Amino acid sequence: MQKRAKWTVITLVLIIAALPMFLLFWLMDGDDFAAVDHGQSYGNSIYKNHQGGVYAAVPSNGYYRLDQADPASFQAFDTGAFDGRQAARDQRHVYCGNQVLPDLKPALARYLGNSYFSDGAATYFCSMHSVRNEELGMLDEFWQKILYRADAGPKPQTYLYPFVALPASARPYRPLLDSELATDDARVYYRGREMPQAQPASLRRLPAGRDGDVRPSDDFFADGRRVYFHEQLLPLSDDPALYTFMVGDLYRQPYLRDPRDGMVYVGAQPFDAAHAPYRLLNEQGRHVYHALFATKDGIYFYNTQTRQVERAGDDPFVSGAYIELSPYVYTDGRQTLFLRAQESWARSSRGSGGGLVSRSTLINRLEGAPDGNWKKLGAVYHGFGTVWQKGDTLYYLDELGPTQLVSNSIYQILDRGTADFLLRSQETRQITAADIRKLIRGGKLAVPQHEAVLEAKTRYRKVFSIF
């Protein structure tokens, strides 16, 4: 009896332990994505006809059935462009994704451009990008998923195409510039939200730089008097010298710098004016996880988790005599400093569940280098990097970065054959990023001795060790 009771308890424990996993798989298996995806497309839109029903593809959330749609009269807007494919109409409604745009008459509705739709009376901005539904809480989403899988409720709207109604206007709305702007020639709207006091006739996109390329900004605008981040008015006046930029792949960190006072803004958030002027250290972004700014008080960076501008430490470039060997390596003739991007990950065995813990951008000092000046021997094909000599030592200065699994911006070349292979690539054009990784794994390129002098760190989670 005791043995049978023991096995009964063990069986119950295993069943209870396995239930969450079964529930997870059950919830994840609720979308017939592949079947709908093979349905008939409505033009170049996000919509499909599958077994007589109309479905809308909402990125990150799969397909939603439009129960209120009329398949016989359903049609996409003929925009001739990617923008506008997120909306459609039938004889009853106009749709933004899988949602109905209220009060918009389908027979009169037309695509204006820049993601705006109007019937002459009502006008809407319907975003071409889906976003997470912030109004749906985690518990509500979980419960709705259970109901949906049990055929007892609709699919939860975890992601959606957001839309905004513009106020009624006696003048017709029209698209402005080639961004998400519209105007009635009196007011200007960005993604459906008014830009206060903006002048449509003089509004322009500010120049934006990224990795040496300059193009019109998607985030910052000016009208000759005022400056805006999206629809938000910034506390500075317009000037031809205003410059916006992003560093590398830090897409959610659009910066603006005002050369008149050296102030910097990340989005609509100003840096602390007490430390201005700010000078950007690293324009290229492949070996950094932060944009670093030098001031008279040290090095500062924007922490995306705390949403604050923080001090990383004293400025090691304070002498001002440094020259750039590569976008990430600098020397003043006496010492050499280089940038490095670094990640910290937790293992699930540490009791944290695993995942990204932090990202850092370090300024390191090269140690043990021989005396002598730096001499450039040549470039590696495809812009992978450059080869240099200092004394009798050879170095490879990388420009690929961690996204190509090359984690350091400077490597010591340990044999002449490797240097010849890198330099000869300009003639042979026979080199790939995999070749660089192979040289590192094979010990042909080695991380030189160095010391960290400064670290900018963003923490994403805390890790607790279990002893």
# chains A, B, ... in the order shown; residues from 1 in each chain; ligands from 1
$ closest_atom_pairs --of "region 185-287 of chain A" --to "region 161-172 of chain A" --cutoff "9 Å" --atoms "only C-alpha atoms" --output "Markdown table"
| residue | atom | partner | partner_atom | distance |
| --- | --- | --- | --- | --- |
| A:Asp185 | CA | A:Arg171 | CA | 7.6 |
| A:Ala186 | CA | A:Arg171 | CA | 8.6 |
| A:Tyr189 | CA | A:Leu166 | CA | 8.2 |
| A:Arg191 | CA | A:Val164 | CA | 7.5 |
| A:Gly192 | CA | A:Val164 | CA | 5.3 |
| A:Arg193 | CA | A:Leu166 | CA | 7.6 |
| A:Glu194 | CA | A:Leu166 | CA | 8.6 |
$ residues_around --residues "Asn408 (chain A)" --least-positions-apart "3" --cutoff "8 Å" --atoms "only C-alpha atoms" --output "PyMOL selection string"
chain A and resi 287+340-341+398+401-402+411+447
$ write_last_selection --atoms "all heavy atoms" --output "short mmCIF file (atom, residue, chain, number, x, y, z; two decimals), in the first residue's frame"
data_model
loop_
_atom_site.label_atom_id
_atom_site.label_comp_id
_atom_site.auth_asym_id
_atom_site.auth_seq_id
_atom_site.Cartn_x
_atom_site.Cartn_y
_atom_site.Cartn_z
N HIS A 287 30.63 48.99 -33.05
CA HIS A 287 31.33 48.46 -31.88
C HIS A 287 30.90 49.18 -30.60
O HIS A 287 31.68 49.25 -29.64
CB HIS A 287 32.85 48.56 -32.05
CG HIS A 287 33.45 47.41 -32.79
ND1 HIS A 287 33.53 46.14 -32.26
CD2 HIS A 287 33.97 47.33 -34.03
CE1 HIS A 287 34.10 45.33 -33.14
NE2 HIS A 287 34.37 46.02 -34.22
N ARG A 340 34.68 49.34 -27.28
CA ARG A 340 34.28 47.94 -27.36
C ARG A 340 32.85 47.79 -26.83
O ARG A 340 32.50 48.37 -25.80
CB ARG A 340 35.21 47.05 -26.55
CG ARG A 340 34.86 45.56 -26.64
CD ARG A 340 35.86 44.71 -25.86
NE ARG A 340 35.62 43.29 -26.06
CZ ARG A 340 34.79 42.54 -25.33
NH1 ARG A 340 34.11 43.11 -24.35
NH2 ARG A 340 34.63 41.26 -25.58
N ALA A 341 32.03 47.03 -27.55
CA ALA A 341 30.67 46.71 -27.10
C ALA A 341 30.68 45.36 -26.40
O ALA A 341 31.33 44.42 -26.85
CB ALA A 341 29.72 46.67 -28.29
N ASP A 398 39.13 46.48 -36.65
CA ASP A 398 37.89 45.95 -37.23
C ASP A 398 36.79 47.00 -37.30
O ASP A 398 36.70 47.88 -36.44
CB ASP A 398 37.39 44.77 -36.39
CG ASP A 398 36.10 44.20 -36.93
OD1 ASP A 398 36.16 43.53 -37.98
OD2 ASP A 398 35.05 44.46 -36.33
N GLY A 401 32.04 44.47 -36.26
CA GLY A 401 31.28 44.58 -35.02
C GLY A 401 30.63 43.30 -34.56
O GLY A 401 30.63 42.27 -35.25
N PRO A 402 30.02 43.32 -33.35
CA PRO A 402 29.43 42.13 -32.74
C PRO A 402 28.30 41.50 -33.55
O PRO A 402 28.05 40.31 -33.42
CB PRO A 402 28.92 42.65 -31.39
CG PRO A 402 29.75 43.84 -31.09
CD PRO A 402 30.03 44.46 -32.41
N TYR A 411 42.64 43.90 -33.02
CA TYR A 411 43.24 42.59 -32.83
C TYR A 411 44.72 42.66 -33.21
O TYR A 411 45.10 43.36 -34.16
CB TYR A 411 42.57 41.53 -33.71
CG TYR A 411 41.16 41.18 -33.30
CD1 TYR A 411 40.08 41.93 -33.76
CD2 TYR A 411 40.91 40.10 -32.44
CE1 TYR A 411 38.79 41.60 -33.38
CE2 TYR A 411 39.62 39.77 -32.07
CZ TYR A 411 38.56 40.54 -32.54
OH TYR A 411 37.28 40.22 -32.16
N VAL A 447 43.05 39.15 -29.27
CA VAL A 447 42.72 40.37 -28.54
C VAL A 447 43.96 40.83 -27.79
O VAL A 447 44.51 40.07 -26.99
CB VAL A 447 41.55 40.14 -27.57
CG1 VAL A 447 41.23 41.41 -26.80
CG2 VAL A 447 40.33 39.64 -28.32
#
$ closest_residue --among "A:Val36, A:Val58, A:Leu366, A:Leu422" --to "Ala379 (chain A)" --atoms "only C-alpha atoms"
A:Leu422
$ select_by_dssp --residues "region 270-313 of chain A" --states "strand (DSSP E or B)" --output "list of chain:residue names"
A:Pro270, A:Arg279, A:Leu280, A:Phe293, A:Ala294, A:Thr295, A:Gly298, A:Ile299, A:Tyr300, A:Phe301, A:Tyr302, A:Asn303, A:Gln308, A:Val309, A:Glu310, A:Arg311, A:Ala312, A:Gly313
$ atom_distance --atom1 "CA of Leu181 (chain A)" --atom2 "CA of Leu206 (chain A)"
14.2 Å
$ residues_around --residues "region 266-283 of chain A" --least-positions-apart "3" --cutoff "7 Å" --atoms "only C-alpha atoms" --output "ChimeraX atom specification"
/A:211,229,232,234,247,253-256,261-263,291-297,309,327
$ write_last_selection --atoms "N, CA, C and O atoms" --output "short mmCIF file (atom, residue, chain, number, x, y, z; two decimals), in the first residue's frame"
data_model
loop_
_atom_site.label_atom_id
_atom_site.label_comp_id
_atom_site.auth_asym_id
_atom_site.auth_seq_id
_atom_site.Cartn_x
_atom_site.Cartn_y
_atom_site.Cartn_z
N ASP A 211 26.08 56.60 -39.61
CA ASP A 211 27.22 55.88 -40.17
C ASP A 211 27.76 56.57 -41.41
O ASP A 211 28.11 55.93 -42.41
N PHE A 229 10.10 67.29 -32.36
CA PHE A 229 10.34 65.85 -32.40
C PHE A 229 8.97 65.20 -32.53
O PHE A 229 8.14 65.30 -31.64
N GLN A 232 5.88 66.85 -30.99
CA GLN A 232 6.21 67.60 -29.78
C GLN A 232 7.11 68.79 -30.10
O GLN A 232 8.14 68.66 -30.76
N LEU A 234 9.87 71.42 -29.36
CA LEU A 234 11.08 71.45 -28.55
C LEU A 234 11.41 72.87 -28.12
O LEU A 234 11.08 73.83 -28.83
N VAL A 247 23.22 56.65 -33.94
CA VAL A 247 24.49 55.96 -33.87
C VAL A 247 24.26 54.47 -34.12
O VAL A 247 23.57 53.81 -33.34
N GLN A 253 16.90 55.64 -30.59
CA GLN A 253 17.57 56.77 -29.96
C GLN A 253 17.92 57.82 -31.01
O GLN A 253 19.08 58.00 -31.35
N PRO A 254 16.93 58.54 -31.54
CA PRO A 254 17.24 59.63 -32.46
C PRO A 254 17.70 60.86 -31.68
O PRO A 254 17.03 61.31 -30.74
N TYR A 255 18.85 61.40 -32.06
CA TYR A 255 19.44 62.54 -31.35
C TYR A 255 19.39 63.79 -32.21
O TYR A 255 19.42 63.72 -33.45
N LEU A 256 19.32 64.95 -31.54
CA LEU A 256 19.47 66.24 -32.19
C LEU A 256 20.52 67.03 -31.42
O LEU A 256 20.50 67.07 -30.19
N ASP A 261 24.73 76.06 -28.83
CA ASP A 261 25.06 75.96 -27.40
C ASP A 261 25.57 74.57 -27.01
O ASP A 261 25.86 74.32 -25.84
N GLY A 262 25.66 73.66 -28.01
CA GLY A 262 26.17 72.33 -27.71
C GLY A 262 25.17 71.43 -27.01
O GLY A 262 25.54 70.35 -26.55
N MET A 263 23.89 71.84 -26.96
CA MET A 263 22.88 71.01 -26.30
C MET A 263 22.50 69.83 -27.19
O MET A 263 22.54 69.90 -28.42
N ALA A 291 25.59 55.81 -27.49
CA ALA A 291 26.20 57.02 -28.02
C ALA A 291 26.88 57.73 -26.85
O ALA A 291 26.24 58.02 -25.83
N LEU A 292 28.17 57.97 -26.96
CA LEU A 292 28.95 58.59 -25.89
C LEU A 292 29.19 60.06 -26.20
O LEU A 292 29.56 60.41 -27.33
N PHE A 293 29.00 60.90 -25.19
CA PHE A 293 29.16 62.34 -25.36
C PHE A 293 30.18 62.86 -24.36
O PHE A 293 30.07 62.61 -23.15
N ALA A 294 31.15 63.60 -24.88
CA ALA A 294 32.19 64.18 -24.02
C ALA A 294 31.78 65.60 -23.64
O ALA A 294 31.27 66.37 -24.47
N THR A 295 32.01 65.94 -22.38
CA THR A 295 31.76 67.30 -21.88
C THR A 295 32.92 67.70 -20.99
O THR A 295 33.84 66.91 -20.72
N LYS A 296 32.86 68.92 -20.49
CA LYS A 296 33.89 69.39 -19.56
C LYS A 296 33.84 68.65 -18.25
O LYS A 296 34.79 68.67 -17.46
N ASP A 297 32.72 67.93 -17.99
CA ASP A 297 32.54 67.22 -16.73
C ASP A 297 32.68 65.71 -16.85
O ASP A 297 32.43 64.99 -15.88
N VAL A 309 19.89 60.59 -18.64
CA VAL A 309 21.25 60.80 -19.13
C VAL A 309 22.19 60.62 -17.94
O VAL A 309 22.04 61.29 -16.92
N PRO A 327 37.17 54.25 -36.83
CA PRO A 327 36.06 54.86 -36.09
C PRO A 327 36.02 54.49 -34.62
O PRO A 327 35.28 55.12 -33.85
#
$ residues_around --residues "Ser41 (chain A)" --least-positions-apart "6" --cutoff "12 Å" --atoms "only C-alpha atoms" --output "PyMOL selection string"
chain A and resi 47-50+53-57+71+74-76+85
$ residues_around --residues "Pro175 (chain A)" --least-positions-apart "3" --cutoff "9 Å" --atoms "only C-alpha atoms" --output "list of chain:residue names"
A:Leu112, A:Gly113, A:Asn114, A:Ser115, A:Tyr116, A:Asp178, A:Ser179, A:Glu180, A:Leu181, A:Ala182, A:Thr183, A:Asp184
$ write_last_selection --atoms "all heavy atoms" --output "PDB file, in the first residue's frame"
ATOM      1  N   LEU A 112      -5.218  59.358 -49.135  1.00  0.00           N
ATOM      2  CA  LEU A 112      -4.583  60.652 -49.370  1.00  0.00           C
ATOM      3  C   LEU A 112      -3.085  60.534 -49.573  1.00  0.00           C
ATOM      4  O   LEU A 112      -2.488  61.261 -50.366  1.00  0.00           O
ATOM      5  CB  LEU A 112      -4.860  61.590 -48.189  1.00  0.00           C
ATOM      6  CG  LEU A 112      -6.317  61.892 -47.850  1.00  0.00           C
ATOM      7  CD1 LEU A 112      -6.388  62.857 -46.671  1.00  0.00           C
ATOM      8  CD2 LEU A 112      -7.043  62.459 -49.053  1.00  0.00           C
ATOM      9  N   GLY A 113      -2.474  59.600 -48.854  1.00  0.00           N
ATOM     10  CA  GLY A 113      -1.021  59.463 -48.831  1.00  0.00           C
ATOM     11  C   GLY A 113      -0.507  59.567 -47.415  1.00  0.00           C
ATOM     12  O   GLY A 113      -1.216  60.034 -46.499  1.00  0.00           O
ATOM     13  N   ASN A 114       0.716  59.123 -47.191  1.00  0.00           N
ATOM     14  CA  ASN A 114       1.349  59.208 -45.865  1.00  0.00           C
ATOM     15  C   ASN A 114       0.524  58.529 -44.776  1.00  0.00           C
ATOM     16  O   ASN A 114       0.523  58.946 -43.629  1.00  0.00           O
ATOM     17  CB  ASN A 114       1.615  60.663 -45.464  1.00  0.00           C
ATOM     18  CG  ASN A 114       2.678  61.319 -46.308  1.00  0.00           C
ATOM     19  OD1 ASN A 114       3.296  60.674 -47.156  1.00  0.00           O
ATOM     20  ND2 ASN A 114       2.898  62.607 -46.096  1.00  0.00           N
ATOM     21  N   SER A 115      -0.260  57.486 -45.147  1.00  0.00           N
ATOM     22  CA  SER A 115      -1.083  56.703 -44.221  1.00  0.00           C
ATOM     23  C   SER A 115      -2.344  57.433 -43.761  1.00  0.00           C
ATOM     24  O   SER A 115      -2.914  57.097 -42.721  1.00  0.00           O
ATOM     25  CB  SER A 115      -0.273  56.251 -42.990  1.00  0.00           C
ATOM     26  OG  SER A 115       0.755  55.380 -43.370  1.00  0.00           O
ATOM     27  N   TYR A 116      -2.816  58.406 -44.535  1.00  0.00           N
ATOM     28  CA  TYR A 116      -4.047  59.124 -44.216  1.00  0.00           C
ATOM     29  C   TYR A 116      -5.149  58.724 -45.202  1.00  0.00           C
ATOM     30  O   TYR A 116      -4.908  58.553 -46.396  1.00  0.00           O
ATOM     31  CB  TYR A 116      -3.826  60.631 -44.264  1.00  0.00           C
ATOM     32  CG  TYR A 116      -2.975  61.142 -43.123  1.00  0.00           C
ATOM     33  CD1 TYR A 116      -1.593  61.164 -43.227  1.00  0.00           C
ATOM     34  CD2 TYR A 116      -3.554  61.575 -41.937  1.00  0.00           C
ATOM     35  CE1 TYR A 116      -0.800  61.619 -42.179  1.00  0.00           C
ATOM     36  CE2 TYR A 116      -2.775  62.035 -40.879  1.00  0.00           C
ATOM     37  CZ  TYR A 116      -1.396  62.052 -41.011  1.00  0.00           C
ATOM     38  OH  TYR A 116      -0.622  62.494 -39.960  1.00  0.00           O
ATOM     39  N   ASP A 178       7.195  63.805 -47.361  1.00  0.00           N
ATOM     40  CA  ASP A 178       7.080  62.363 -47.632  1.00  0.00           C
ATOM     41  C   ASP A 178       7.256  61.591 -46.343  1.00  0.00           C
ATOM     42  O   ASP A 178       7.885  60.544 -46.300  1.00  0.00           O
ATOM     43  CB  ASP A 178       8.106  61.917 -48.682  1.00  0.00           C
ATOM     44  CG  ASP A 178       9.524  62.303 -48.318  1.00  0.00           C
ATOM     45  OD1 ASP A 178       9.696  63.085 -47.359  1.00  0.00           O
ATOM     46  OD2 ASP A 178      10.463  61.846 -48.985  1.00  0.00           O
ATOM     47  N   SER A 179       6.684  62.136 -45.283  1.00  0.00           N
ATOM     48  CA  SER A 179       6.709  61.484 -43.981  1.00  0.00           C
ATOM     49  C   SER A 179       5.266  61.274 -43.546  1.00  0.00           C
ATOM     50  O   SER A 179       4.346  61.404 -44.341  1.00  0.00           O
ATOM     51  CB  SER A 179       7.487  62.349 -42.981  1.00  0.00           C
ATOM     52  OG  SER A 179       7.716  61.665 -41.781  1.00  0.00           O
ATOM     53  N   GLU A 180       5.025  60.965 -42.269  1.00  0.00           N
ATOM     54  CA  GLU A 180       3.685  60.667 -41.784  1.00  0.00           C
ATOM     55  C   GLU A 180       2.962  61.951 -41.370  1.00  0.00           C
ATOM     56  O   GLU A 180       2.400  62.049 -40.287  1.00  0.00           O
ATOM     57  CB  GLU A 180       3.770  59.655 -40.643  1.00  0.00           C
ATOM     58  CG  GLU A 180       4.318  58.311 -41.110  1.00  0.00           C
ATOM     59  CD  GLU A 180       4.679  57.376 -39.977  1.00  0.00           C
ATOM     60  OE1 GLU A 180       5.572  57.717 -39.187  1.00  0.00           O
ATOM     61  OE2 GLU A 180       4.075  56.302 -39.888  1.00  0.00           O
ATOM     62  N   LEU A 181       2.991  62.916 -42.279  1.00  0.00           N
ATOM     63  CA  LEU A 181       2.436  64.241 -42.024  1.00  0.00           C
ATOM     64  C   LEU A 181       1.248  64.513 -42.923  1.00  0.00           C
ATOM     65  O   LEU A 181       1.179  64.042 -44.063  1.00  0.00           O
ATOM     66  CB  LEU A 181       3.500  65.311 -42.268  1.00  0.00           C
ATOM     67  CG  LEU A 181       4.769  65.249 -41.418  1.00  0.00           C
ATOM     68  CD1 LEU A 181       5.835  66.159 -42.005  1.00  0.00           C
ATOM     69  CD2 LEU A 181       4.477  65.646 -39.985  1.00  0.00           C
ATOM     70  N   ALA A 182       0.315  65.331 -42.410  1.00  0.00           N
ATOM     71  CA  ALA A 182      -0.816  65.808 -43.200  1.00  0.00           C
ATOM     72  C   ALA A 182      -1.148  67.223 -42.742  1.00  0.00           C
ATOM     73  O   ALA A 182      -0.828  67.624 -41.616  1.00  0.00           O
ATOM     74  CB  ALA A 182      -2.034  64.898 -43.038  1.00  0.00           C
ATOM     75  N   THR A 183      -1.799  67.966 -43.620  1.00  0.00           N
ATOM     76  CA  THR A 183      -2.156  69.344 -43.291  1.00  0.00           C
ATOM     77  C   THR A 183      -3.451  69.724 -43.993  1.00  0.00           C
ATOM     78  O   THR A 183      -3.798  69.175 -45.043  1.00  0.00           O
ATOM     79  CB  THR A 183      -1.038  70.325 -43.710  1.00  0.00           C
ATOM     80  OG1 THR A 183      -1.415  71.659 -43.349  1.00  0.00           O
ATOM     81  CG2 THR A 183      -0.787  70.253 -45.208  1.00  0.00           C
ATOM     82  N   ASP A 184      -4.163  70.684 -43.388  1.00  0.00           N
ATOM     83  CA  ASP A 184      -5.305  71.314 -44.046  1.00  0.00           C
ATOM     84  C   ASP A 184      -4.929  72.739 -44.445  1.00  0.00           C
ATOM     85  O   ASP A 184      -5.802  73.594 -44.645  1.00  0.00           O
ATOM     86  CB  ASP A 184      -6.537  71.300 -43.144  1.00  0.00           C
ATOM     87  CG  ASP A 184      -6.320  72.044 -41.832  1.00  0.00           C
ATOM     88  OD1 ASP A 184      -5.196  72.552 -41.596  1.00  0.00           O
ATOM     89  OD2 ASP A 184      -7.273  72.146 -41.030  1.00  0.00           O
TER      90      ASP A 184
END
$ closest_residue --among "A:Arg461, A:Gly224, A:Thr386, A:His290" --to "Val357 (chain A)" --atoms "only C-alpha atoms"
A:Arg461
$ residues_around --residues "Tyr460 (chain A)" --least-positions-apart "6" --cutoff "10 Å" --atoms "only C-alpha atoms" --output "list of chain:residue names"
A:Thr304, A:Gln305, A:Thr306, A:Ser344, A:Gly355, A:Leu356, A:Val357, A:Ser358, A:Arg359
$ residues_around --residues "Asp392 (chain A)" --least-positions-apart "2" --cutoff "9 Å" --atoms "only C-alpha atoms" --output "ChimeraX atom specification"
/A:370-372,389-390,394
$ write_last_selection --atoms "C-alpha atoms" --output "mmCIF file, in the first residue's frame"
data_model
loop_
_atom_site.group_PDB
_atom_site.id
_atom_site.type_symbol
_atom_site.label_atom_id
_atom_site.label_comp_id
_atom_site.auth_asym_id
_atom_site.auth_seq_id
_atom_site.Cartn_x
_atom_site.Cartn_y
_atom_site.Cartn_z
ATOM 1 C CA PRO A 370 55.697 48.521 -28.775
ATOM 2 C CA ASP A 371 57.115 52.015 -29.169
ATOM 3 C CA GLY A 372 56.852 53.790 -32.483
ATOM 4 C CA GLN A 389 51.880 48.466 -37.872
ATOM 5 C CA LYS A 390 53.336 49.829 -34.637
ATOM 6 C CA LEU A 394 50.839 44.237 -36.722
#
